[in-house]
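J.: Below is the file query04.txt, which contains compact mmCIF, C-alpha atoms and all ligand atoms.
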# COMPACT_ATOMS: atom_id res chain seq x y z
CA MET A 1 0.00 0.00 0.00
CA PHE A 2 2.61 2.49 1.09
CA SER A 3 4.90 1.76 -1.82
CA SER A 4 2.18 2.35 -4.41
CA LEU A 5 1.28 5.65 -2.79
CA LEU A 6 4.90 6.69 -3.01
CA THR A 7 5.05 5.92 -6.73
CA LEU A 8 1.87 7.88 -7.28
CA LEU A 9 3.19 11.02 -5.70
CA PRO A 10 5.46 12.07 -8.55
CA THR A 11 2.60 11.56 -11.01
CA THR A 12 0.29 13.74 -8.98
CA THR A 13 2.95 16.40 -8.76
CA LEU A 14 3.37 16.26 -12.53
CA LEU A 15 -0.35 16.75 -13.09
CA LEU A 16 -0.39 19.80 -10.86
CA ALA A 17 2.51 21.30 -12.72
CA ALA A 18 0.81 20.69 -16.05
CA SER A 19 -2.44 22.38 -14.99
CA ALA A 20 -0.76 25.42 -13.48
CA PRO A 21 -0.60 27.55 -16.68
CA ALA A 22 -4.39 27.20 -17.21
CA VAL A 23 -5.11 28.94 -13.92
CA ARG A 24 -2.39 31.57 -14.45
CA ALA A 25 -3.12 34.60 -12.35
CA GLN A 26 -3.95 37.86 -14.06
CA VAL A 27 -2.76 41.14 -12.64
CA GLY A 28 -5.36 42.85 -10.47
CA ALA A 29 -6.34 46.50 -10.31
CA TYR A 30 -3.32 48.83 -10.19
CA GLY A 31 -0.88 45.92 -10.05
CA GLN A 32 2.38 46.07 -12.05
CA CYS A 33 2.12 44.52 -15.52
CA ALA A 34 5.35 45.68 -17.23
CA GLY A 35 8.59 47.58 -16.59
CA TYR A 36 12.36 47.21 -16.72
CA GLU A 37 13.48 43.99 -15.04
CA TYR A 38 9.87 43.02 -14.32
CA PHE A 39 9.37 39.41 -15.42
CA GLY A 40 5.90 38.71 -13.94
CA GLU A 41 2.38 38.49 -15.36
CA THR A 42 1.51 41.01 -18.06
CA THR A 43 -2.24 40.36 -18.55
CA CYS A 44 -4.70 42.46 -16.57
CA VAL A 45 -8.01 41.24 -15.16
CA SER A 46 -11.12 41.92 -17.22
CA GLY A 47 -12.02 45.61 -17.55
CA TYR A 48 -8.43 46.76 -17.04
CA TYR A 49 -5.53 47.33 -19.42
CA CYS A 50 -1.79 47.64 -18.92
CA SER A 51 -1.02 51.36 -18.90
CA TYR A 52 2.54 52.66 -19.46
CA GLU A 53 3.64 55.00 -16.68
CA SER A 54 7.43 54.94 -17.13
CA ASP A 55 10.13 52.63 -18.48
CA TYR A 56 10.27 51.16 -14.97
CA PHE A 57 6.57 50.74 -14.28
CA SER A 58 3.26 49.99 -16.04
CA GLN A 59 0.08 49.16 -14.15
CA CYS A 60 -3.41 47.77 -14.73
CA VAL A 61 -5.94 50.61 -14.88
CA PRO A 62 -9.68 50.51 -15.67
CA GLY A 63 -10.76 50.92 -19.29
CA THR A 64 -9.69 49.88 -22.76
CA ALA A 65 -6.17 50.30 -24.06
CA PRO A 66 -5.70 53.24 -26.46
CA PRO A 67 -4.60 52.12 -29.93
CA ALA A 68 -0.91 51.27 -30.13
CA TYR A 69 1.34 53.47 -32.27
CA SER A 70 1.18 52.19 -35.82
CA GLY A 71 2.83 55.03 -37.73
CA PRO A 72 6.05 54.80 -39.66
CA VAL A 73 9.24 53.71 -37.93
CA ASN A 74 12.82 53.94 -39.14
CA TYR A 75 15.72 51.86 -37.83
CA TRP A 76 19.25 52.63 -36.68
CA PHE A 77 21.90 50.03 -35.84
CA PRO A 78 24.78 51.72 -34.02
CA PHE A 79 28.07 49.83 -33.34
CA GLY A 80 31.05 51.02 -31.32
CA ASP A 81 32.43 51.52 -27.82
CA SER A 82 31.64 53.44 -24.63
CA TYR A 83 31.16 56.70 -26.56
CA THR A 84 28.13 55.07 -28.20
CA THR A 85 26.81 52.39 -25.85
CA THR A 86 23.52 52.77 -24.01
CA SER A 87 23.92 49.22 -22.54
CA PHE A 88 21.16 47.81 -24.74
CA ASN A 89 20.34 44.14 -24.15
CA ALA A 90 19.19 42.92 -27.58
CA THR A 91 17.34 39.93 -26.11
CA TYR A 92 15.19 41.99 -23.75
CA LEU A 93 12.70 44.86 -24.26
CA LEU A 94 13.04 46.06 -27.85
CA PRO A 95 12.90 49.70 -28.96
CA ASN A 96 9.33 50.98 -28.79
CA ILE A 97 7.35 54.20 -28.96
CA HIS A 98 7.96 54.89 -25.24
CA ASN A 99 11.67 54.17 -25.36
CA PRO A 100 13.39 54.38 -28.76
CA ILE A 101 16.47 52.61 -27.35
CA GLY A 102 14.36 49.75 -25.91
CA ASN A 103 16.21 49.10 -22.67
CA PRO A 104 17.55 50.02 -20.17
CA PRO A 105 15.21 52.89 -19.25
CA PHE A 106 15.95 55.97 -21.37
CA PRO A 107 18.68 57.32 -21.75
CA GLY A 108 20.32 53.98 -20.89
CA TYR A 109 23.65 53.54 -19.14
CA THR A 110 26.29 55.53 -21.01
CA GLY A 111 30.04 56.13 -20.74
CA GLY A 112 29.59 59.63 -19.37
CA GLY A 113 26.23 59.13 -17.61
CA GLY A 114 22.99 60.68 -18.88
CA GLU A 115 22.18 61.08 -22.56
CA ASN A 116 24.77 60.35 -25.20
CA TYR A 117 24.42 61.22 -28.88
CA VAL A 118 22.29 58.12 -29.51
CA GLY A 119 19.79 59.31 -26.91
CA TYR A 120 19.71 62.85 -28.28
CA LEU A 121 19.37 61.67 -31.88
CA THR A 122 16.47 59.32 -31.08
CA GLU A 123 14.52 61.69 -28.79
CA VAL A 124 15.47 65.27 -29.61
CA ASP A 125 17.15 65.66 -33.01
CA ASN A 126 15.16 62.95 -34.83
CA THR A 127 12.89 64.00 -37.69
CA SER A 128 11.04 60.66 -37.62
CA VAL A 129 10.35 57.91 -35.13
CA THR A 130 13.70 56.13 -35.13
CA PHE A 131 14.33 52.97 -33.14
CA ALA A 132 17.97 52.36 -32.21
CA TYR A 133 19.22 48.77 -31.75
CA ASN A 134 22.49 49.78 -30.17
CA TYR A 135 25.09 46.98 -30.36
CA ALA A 136 27.95 49.18 -29.08
CA TYR A 137 29.86 47.87 -26.06
CA GLY A 138 32.07 49.79 -23.59
CA GLY A 139 35.79 49.19 -24.10
CA ALA A 140 35.36 47.70 -27.57
CA THR A 141 38.27 47.30 -29.97
CA ILE A 142 37.87 46.27 -33.61
CA ASN A 143 39.32 42.77 -33.21
CA ALA A 144 40.15 41.52 -29.70
CA SER A 145 42.92 39.30 -31.14
CA LEU A 146 44.66 42.36 -32.56
CA VAL A 147 44.14 44.71 -29.60
CA ALA A 148 42.96 43.03 -26.40
CA PRO A 149 40.23 44.98 -24.61
CA TYR A 150 40.55 45.89 -20.90
CA LEU A 151 38.36 42.91 -19.97
CA PRO A 152 37.99 39.62 -21.86
CA THR A 153 34.19 39.91 -21.71
CA VAL A 154 34.14 43.08 -23.82
CA LEU A 155 32.39 42.58 -27.16
CA SER A 156 34.62 43.73 -30.01
CA LEU A 157 33.28 45.24 -33.23
CA ILE A 158 33.58 41.76 -34.72
CA ASP A 159 31.50 40.32 -31.85
CA GLN A 160 28.89 43.05 -32.24
CA VAL A 161 28.53 42.42 -35.96
CA ASN A 162 28.30 38.68 -35.26
CA GLU A 163 25.56 39.33 -32.72
CA PHE A 164 23.63 41.32 -35.33
CA PHE A 165 23.93 38.41 -37.80
CA GLY A 166 23.20 35.76 -35.16
CA PRO A 167 19.87 34.13 -34.26
CA VAL A 168 16.98 36.37 -33.20
CA GLU A 169 16.83 34.65 -29.81
CA ASP A 170 20.45 35.75 -29.24
CA GLY A 171 19.72 39.34 -30.24
CA GLY A 172 20.38 39.18 -34.00
CA TYR A 173 18.07 41.26 -36.17
CA ALA A 174 19.83 40.96 -39.54
CA SER A 175 17.08 38.62 -40.76
CA LYS A 176 14.43 41.36 -40.48
CA PRO A 177 12.19 39.40 -38.09
CA ALA A 178 8.55 40.42 -37.51
CA SER A 179 9.58 42.28 -34.35
CA THR A 180 12.03 44.41 -36.33
CA PRO A 181 10.85 44.78 -39.92
CA TRP A 182 13.66 46.99 -41.19
CA THR A 183 14.28 47.49 -44.89
CA SER A 184 17.25 48.67 -46.92
CA GLU A 185 15.39 51.96 -47.38
CA ASN A 186 14.74 52.72 -43.70
CA ALA A 187 17.84 51.31 -41.95
CA LEU A 188 20.91 53.28 -40.96
CA PHE A 189 24.17 51.63 -39.85
CA SER A 190 26.80 53.55 -37.92
CA VAL A 191 30.22 52.81 -36.46
CA TRP A 192 32.21 55.04 -34.11
CA ILE A 193 35.31 53.15 -32.99
CA GLY A 194 39.10 53.39 -32.79
CA ILE A 195 40.03 55.09 -29.53
CA ASN A 196 40.53 51.81 -27.65
CA ASP A 197 42.49 50.28 -30.54
CA LEU A 198 44.89 53.23 -30.58
CA ALA A 199 45.05 53.71 -26.78
CA GLY A 200 45.77 49.98 -26.40
CA SER A 201 48.51 49.74 -29.03
CA TYR A 202 50.23 53.07 -29.75
CA TYR A 203 53.15 52.16 -27.44
CA GLU A 204 53.88 48.84 -29.17
CA SER A 205 56.96 48.40 -31.36
CA GLY A 206 56.55 47.87 -35.09
CA ASN A 207 55.29 50.03 -37.88
CA ARG A 208 52.20 51.81 -36.47
CA SER A 209 51.01 52.88 -39.89
CA ALA A 210 51.12 49.32 -41.11
CA PHE A 211 49.11 48.30 -38.04
CA ALA A 212 46.59 51.06 -38.72
CA GLU A 213 46.16 49.54 -42.18
CA VAL A 214 45.46 46.12 -40.64
CA LEU A 215 42.86 47.62 -38.28
CA LEU A 216 41.21 49.64 -41.02
CA GLY A 217 41.19 46.64 -43.35
CA GLU A 218 39.18 44.69 -40.78
CA TYR A 219 36.98 47.65 -39.98
CA PHE A 220 35.97 48.05 -43.61
CA SER A 221 35.43 44.37 -44.23
CA LEU A 222 32.95 44.52 -41.33
CA MET A 223 31.31 47.58 -42.92
CA GLN A 224 31.06 45.60 -46.14
CA GLU A 225 29.32 42.76 -44.27
CA LEU A 226 26.77 45.17 -42.82
CA ILE A 227 26.08 46.64 -46.24
CA ALA A 228 25.65 43.13 -47.67
CA ALA A 229 22.90 42.52 -45.09
CA GLU A 230 20.84 45.27 -46.68
CA GLY A 231 20.69 43.65 -50.07
CA PRO A 232 21.50 45.32 -53.37
CA ALA A 233 18.89 48.12 -53.15
CA ALA A 234 19.30 51.68 -51.92
CA GLN A 235 21.57 51.40 -48.93
CA GLN A 236 22.67 53.77 -46.25
CA ALA A 237 25.60 54.03 -43.95
CA LEU A 238 26.83 56.54 -41.41
CA GLN A 239 30.42 56.28 -40.31
CA VAL A 240 31.55 58.04 -37.32
CA VAL A 241 35.21 57.91 -36.42
CA LEU A 242 39.28 59.50 -34.82
CA GLU A 243 45.96 61.89 -37.51
CA ASP A 244 47.81 59.11 -39.48
CA PHE A 245 44.89 56.79 -38.68
CA ASN A 246 42.36 59.40 -39.79
CA SER A 247 44.02 60.23 -43.09
CA ARG A 248 44.23 56.50 -43.78
CA LEU A 249 40.62 56.28 -42.75
CA ALA A 250 39.75 58.90 -45.37
CA THR A 251 41.45 56.77 -48.02
CA HIS A 252 39.51 53.68 -46.95
CA VAL A 253 36.29 55.66 -46.93
CA ALA A 254 36.95 56.86 -50.47
CA SER A 255 37.44 53.31 -51.73
CA PHE A 256 34.46 52.07 -49.72
CA LYS A 257 32.29 54.71 -51.37
CA ALA A 258 33.66 53.90 -54.83
CA ALA A 259 32.97 50.18 -54.30
CA ASN A 260 29.43 50.79 -53.02
CA SER A 261 28.00 53.46 -55.29
CA GLY A 262 24.42 52.68 -54.17
CA VAL A 263 25.28 53.28 -50.50
CA LYS A 264 24.63 56.66 -49.02
CA THR A 265 27.56 57.37 -46.72
CA TRP A 266 28.13 60.18 -44.25
CA ILE A 267 31.38 60.77 -42.38
CA TRP A 268 31.18 62.63 -39.13
CA ASP A 269 34.68 63.61 -38.08
CA ALA A 270 34.70 63.24 -34.29
CA TYR A 271 38.39 64.15 -34.09
CA THR A 272 37.80 67.59 -35.64
CA VAL A 273 34.72 68.24 -33.54
CA PHE A 274 36.56 67.36 -30.29
CA THR A 275 39.53 69.47 -31.38
CA ASN A 276 37.40 72.50 -32.24
CA ILE A 277 35.45 72.44 -28.99
CA LEU A 278 38.48 71.79 -26.80
CA ALA A 279 40.47 74.58 -28.50
CA ASP A 280 37.81 77.13 -27.54
CA PRO A 281 35.68 75.53 -24.82
CA THR A 282 34.05 78.70 -23.47
CA ALA A 283 32.66 79.52 -26.93
CA TYR A 284 30.68 76.29 -26.58
CA GLY A 285 29.57 77.00 -23.03
CA PHE A 286 32.16 74.83 -21.26
CA VAL A 287 34.26 75.92 -18.31
CA ASP A 288 37.55 74.74 -19.84
CA ALA A 289 39.02 71.86 -21.85
CA THR A 290 40.08 69.57 -19.03
CA SER A 291 37.73 69.72 -16.03
CA TYR A 292 35.35 66.85 -15.59
CA GLY A 293 32.40 65.67 -13.56
CA ASN A 294 30.56 68.94 -12.99
CA THR A 295 27.89 70.94 -14.77
CA GLY A 296 29.63 73.06 -17.38
CA ASP A 297 32.37 70.49 -18.05
CA PHE A 298 32.93 68.93 -21.47
CA TRP A 299 34.06 65.70 -19.81
CA ALA A 300 31.85 63.50 -17.62
CA ASN A 301 34.91 61.63 -16.31
CA ASN A 302 38.55 61.27 -17.33
CA PHE A 303 37.68 59.54 -20.59
CA HIS A 304 34.10 60.21 -21.64
CA PRO A 305 32.38 63.38 -22.81
CA GLY A 306 29.23 64.19 -20.83
CA PRO A 307 25.67 64.88 -21.95
CA ALA A 308 26.28 68.56 -22.84
CA ALA A 309 29.04 67.46 -25.24
CA HIS A 310 26.86 64.67 -26.66
CA ALA A 311 24.06 67.18 -27.26
CA ILE A 312 26.48 69.10 -29.50
CA PHE A 313 27.58 65.89 -31.28
CA ALA A 314 23.94 64.98 -31.93
CA LYS A 315 23.10 68.42 -33.37
CA ASP A 316 26.22 68.24 -35.54
CA ILE A 317 25.30 64.77 -36.85
CA ALA A 318 21.72 65.91 -37.45
CA THR A 319 23.04 68.89 -39.44
CA LEU A 320 25.36 66.61 -41.44
CA MET A 321 22.44 64.31 -42.24
CA ALA A 322 19.78 67.00 -42.68
CA GLY A 323 17.18 65.91 -45.20
CA SER A 324 17.72 62.21 -44.46
CA LEU A 325 14.96 59.97 -43.09
CA TRP A 326 16.19 59.80 -39.53
CA PHE A 327 17.52 63.14 -38.29
C1 LIG B 401 19.47 40.19 -21.27
O1 LIG B 401 18.10 39.91 -21.10
C2 LIG B 401 17.81 38.53 -20.84
C3 LIG B 401 16.31 38.42 -20.75
O2 LIG B 401 15.75 38.54 -22.02
C4 LIG B 401 18.48 38.08 -19.56
O3 LIG B 401 18.24 36.71 -19.37
C5 LIG B 401 19.97 38.33 -19.67
O4 LIG B 401 20.60 38.02 -18.42
C6 LIG B 401 20.24 39.78 -20.01
N1 LIG B 401 21.69 39.95 -20.24
C7 LIG B 401 22.39 40.82 -19.55
C8 LIG B 401 23.87 40.89 -19.89
O5 LIG B 401 21.89 41.53 -18.70
C1 LIG B 402 11.36 61.66 -32.14
O1 LIG B 402 11.34 60.47 -31.38
C2 LIG B 402 10.43 60.49 -30.28
C3 LIG B 402 10.65 59.22 -29.50
O2 LIG B 402 10.38 58.11 -30.30
C4 LIG B 402 9.00 60.64 -30.81
O3 LIG B 402 8.11 60.73 -29.73
C5 LIG B 402 8.90 61.88 -31.66
O4 LIG B 402 7.63 61.94 -32.26
C6 LIG B 402 9.97 61.84 -32.76
N1 LIG B 402 9.95 63.10 -33.52
C7 LIG B 402 9.54 63.16 -34.80
C8 LIG B 402 9.62 64.52 -35.45
O5 LIG B 402 9.10 62.21 -35.39
C1 LIG B 403 41.22 39.02 -35.90
O1 LIG B 403 42.63 39.03 -35.82
C2 LIG B 403 43.22 37.73 -35.83
C3 LIG B 403 44.72 37.92 -35.54
O2 LIG B 403 45.32 38.72 -36.56
C4 LIG B 403 42.94 37.06 -37.17
O3 LIG B 403 43.48 35.75 -37.18
C5 LIG B 403 41.42 36.98 -37.37
O4 LIG B 403 41.14 36.48 -38.67
C6 LIG B 403 40.80 38.37 -37.23
N1 LIG B 403 39.35 38.20 -37.26
C7 LIG B 403 38.60 38.71 -38.24
C8 LIG B 403 37.16 38.36 -38.18
O5 LIG B 403 39.03 39.45 -39.11
C1 LIG B 404 55.09 51.58 -42.48
O1 LIG B 404 53.85 51.17 -43.04
C2 LIG B 404 53.31 52.07 -44.02
C3 LIG B 404 51.90 51.60 -44.37
O2 LIG B 404 51.88 50.27 -44.73
C4 LIG B 404 54.25 52.07 -45.22
O3 LIG B 404 53.75 52.98 -46.20
C5 LIG B 404 55.61 52.54 -44.75
O4 LIG B 404 56.53 52.46 -45.86
C6 LIG B 404 56.12 51.66 -43.60
N1 LIG B 404 57.35 52.24 -43.05
C7 LIG B 404 58.47 51.52 -42.90
C8 LIG B 404 59.64 52.24 -42.28
O5 LIG B 404 58.52 50.34 -43.22
Could you render the structure from this file as structure tokens?
T.:
Amino acid sequence: MFSSLLTLLPTTTLLLAASAPAVRAQVGAYGQCAGYEYFGETTCVSGYYCSYESDYFSQCVPGTAPPAYSGPVNYWFPFGDSYTTTSFNATYLLPNIHNPIGNPPFPGYTGGGGENYVGYLTEVDNTSVTFAYNYAYGGATINASLVAPYLPTVLSLIDQVNEFFGPVEDGGYASKPASTPWTSENALFSVWIGINDLAGSYYESGNRSAFAEVLLGEYFSLMQELIAAEGPAAQQALQVVLEDFNSRLATHVASFKAANSGVKTWIWDAYTVFTNILADPTAYGFVDATSYGNTGDFWANNFHPGPAAHAIFAKDIATLMAGSLWF
């Protein structure tokens, strides 16, 4: 008797587990139904709908949900390092009408704190609703085997591009899935990278110019891969980049343009913009060229420009791209 009861127990347990989803609880009045790092129930009880309050908190309120935004959306896929990252997790909440960078809560976690140029360009300087799937990662180099990043977990430009081309469930949107129906006409790709490659290698022996050529060769083969993802139609690219390296960069850009005549390409010269502002900081409203961490400083910390600097970058990029779909 006892032994048969014991064998029955696991079966009973299994049945309970199987029936659990059918009696799944719905969220009651004013309960949380969505928000950053909320993984609970999202369906409200009858007569209530899930109302967005902030990126951190949505709750069930009485009534019927207003129609969801169904107007036109354009897409932006930024790649790069801490100057660009907003700490987007591509397998979590995707860009949406409330938060054009998806997650974390706007303006994301950035190198200098607060908004960076991605935040400004998607919320302030945008001329359309533009969703940014931001693959940039703090500390990134172009190829971790060529210049090791400060931590082995850092995703290089190669890793970022591989993530984009990877499976949807791992955060890859190259296949234009239903969640992210981008087209060659409405997608913009951008890369701002190089500082970590140069900072992590300038002191090495060997011909630095030859090494710059190796880095740029890889950089532009990655650009070519991104362009290939768009298909042969009208294609767009924004390149955002950093003296020997930059003149070589210009040469690579010229051949990239020549090889991709259908690709619209903009170059935003970050080196010149930094140099101009830092040569005459007060003209731009900054205290001086070197202070950091306080209101009125160009720098947020000893490496990253702060939000006031990023606001200028965003305006400058928007001016460069004036008349385009996005900004
Ligand atoms: C990204 O989001 C997923 C949930 O979709 C979570 O499991 C994962 O831990 C997150 N990754 C990071 C690095 O936070
Ligand atoms: C700019 O983006 C924000 C956030 O998505 C959106 O609310 C706003 O309508 C956009 N501006 C234009 C002119 O489309
Ligand atoms: C990265 O650099 C290593 C070392 O030079 C090289 O073997 C590898 O092919 C490079 N990866 C890519 C994707 O270019
Ligand atoms: C260093 O490399 C550059 C670029 O490849 C090349 O033009 C130059 O001749 C090289 N310099 C020396 C001293 O080998």
J.: So the first atom is CA of Ala270 in chain A and the second is CA of Phe88 in chain A; what is the distance between them in Å, to one decimal place?
T.: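 Separation between CA of Ala270 in chain A and CA of Phe88 in chain A: 22.6 Å.
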J.: With distances taken over all atoms listed in the file, which of A:Lys315, A:Phe274, A:Ile193, A:Ala140 is nearest to Phe327 in chain A?
T.: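 So, comparing all the options, the nearest one is A:Lys315.
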J.: Tell me, in Å to one decimal, how far CA of Asp316 in chain A is from CA of Asp280 in chain A.
T.: 16.7 Å
J.: Name each residue within 10 Å of ligand LIG 401 (chain B), counting all atoms listed in the file, as a PyMOL selection string.
T.: chain A and resi 37+39+87-94+103-104+169-171
J.: Would you save the residues of that selection, restricted to C-alpha atoms, as a PDB file, in the frame of the given file?
T.:
ATOM      1  CA  GLU A  37      13.480  43.990 -15.040  1.00  0.00           C
ATOM      2  CA  PHE A  39       9.370  39.410 -15.420  1.00  0.00           C
ATOM      3  CA  SER A  87      23.920  49.220 -22.540  1.00  0.00           C
ATOM      4  CA  PHE A  88      21.160  47.810 -24.740  1.00  0.00           C
ATOM      5  CA  ASN A  89      20.340  44.140 -24.150  1.00  0.00           C
ATOM      6  CA  ALA A  90      19.190  42.920 -27.580  1.00  0.00           C
ATOM      7  CA  THR A  91      17.340  39.930 -26.110  1.00  0.00           C
ATOM      8  CA  TYR A  92      15.190  41.990 -23.750  1.00  0.00           C
ATOM      9  CA  LEU A  93      12.700  44.860 -24.260  1.00  0.00           C
ATOM     10  CA  LEU A  94      13.040  46.060 -27.850  1.00  0.00           C
ATOM     11  CA  ASN A 103      16.210  49.100 -22.670  1.00  0.00           C
ATOM     12  CA  PRO A 104      17.550  50.020 -20.170  1.00  0.00           C
ATOM     13  CA  GLU A 169      16.830  34.650 -29.810  1.00  0.00           C
ATOM     14  CA  ASP A 170      20.450  35.750 -29.240  1.00  0.00           C
ATOM     15  CA  GLY A 171      19.720  39.340 -30.240  1.00  0.00           C
TER      16      GLY A 171
END
J.: Measuring atom to atom with all atoms listed in the file, identify which of A:Asn302, A:Asn143, A:Thr64, A:Ser209 is nearest to Asn196 in chain A.
T.: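 Of the candidates, the smallest distance to Asn196 in chain A is held by A:Asn143.
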J.: Give me, please, the distance in Å between CA of Ser46 in chain A and CA of Ser179 in chain A, quoted to one decimal.
T.: 26.9 Å
J.: Show which residues sit within 9 Å of range 319-325 of chain A, as an MDAnalysis selection string. Count only C-alpha atoms, and ignore same-chain residues fewer than 6 positions away.
T.: chainID A and resid 74 126:128 130 186 238 266:268
J.: Pick from A:Gln26, A:Thr42, A:Thr122, A:Asn116: nearest to ligand LIG 402 (chain B), with all atoms listed in the file counted?
T.: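 Using all atoms listed in the file, the shortest distance to ligand LIG 402 (chain B) belongs to A:Thr122.
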J.: Once you count all atoms listed in the file, what closest atom pair and distance in Å to one decimal does each residue of chain A within 12 Å of ligand LIG 402 (chain B) have, with rows by chain and rising residue number, as CSV?
T.:
residue,atom,partner,partner_atom,distance
A:Tyr69,CA,B:LIG402,O3,10.2
A:Gly71,CA,B:LIG402,O5,9.8
A:Pro72,CA,B:LIG402,O5,9.1
A:Val73,CA,B:LIG402,O5,8.9
A:Asn74,CA,B:LIG402,O5,9.8
A:Tyr75,CA,B:LIG402,O2,11.1
A:Pro95,CA,B:LIG402,O2,8.9
A:Asn96,CA,B:LIG402,O2,7.4
A:Ile97,CA,B:LIG402,O2,5.1
A:His98,CA,B:LIG402,O2,6.5
A:Asn99,CA,B:LIG402,O2,6.4
A:Pro100,CA,B:LIG402,O2,5.0
A:Ile101,CA,B:LIG402,O2,8.7
A:Gly102,CA,B:LIG402,O2,10.2
A:Phe106,CA,B:LIG402,C3,10.2
A:Pro107,CA,B:LIG402,C3,11.3
A:Val118,CA,B:LIG402,O1,11.4
A:Gly119,CA,B:LIG402,C3,9.5
A:Tyr120,CA,B:LIG402,O1,9.2
A:Leu121,CA,B:LIG402,C1,8.0
A:Thr122,CA,B:LIG402,O1,5.3
A:Glu123,CA,B:LIG402,O1,4.3
A:Val124,CA,B:LIG402,C1,6.0
A:Asp125,CA,B:LIG402,C1,7.1
A:Asn126,CA,B:LIG402,C1,4.8
A:Thr127,CA,B:LIG402,C8,4.0
A:Ser128,CA,B:LIG402,O5,3.3
A:Val129,CA,B:LIG402,O5,4.5
A:Thr130,CA,B:LIG402,O2,6.2
A:Phe131,CA,B:LIG402,O2,7.1
A:Ala132,CA,B:LIG402,O2,9.7
A:Leu325,CA,B:LIG402,O5,9.9
A:Trp326,CA,B:LIG402,O5,8.6
A:Phe327,CA,B:LIG402,C8,8.5
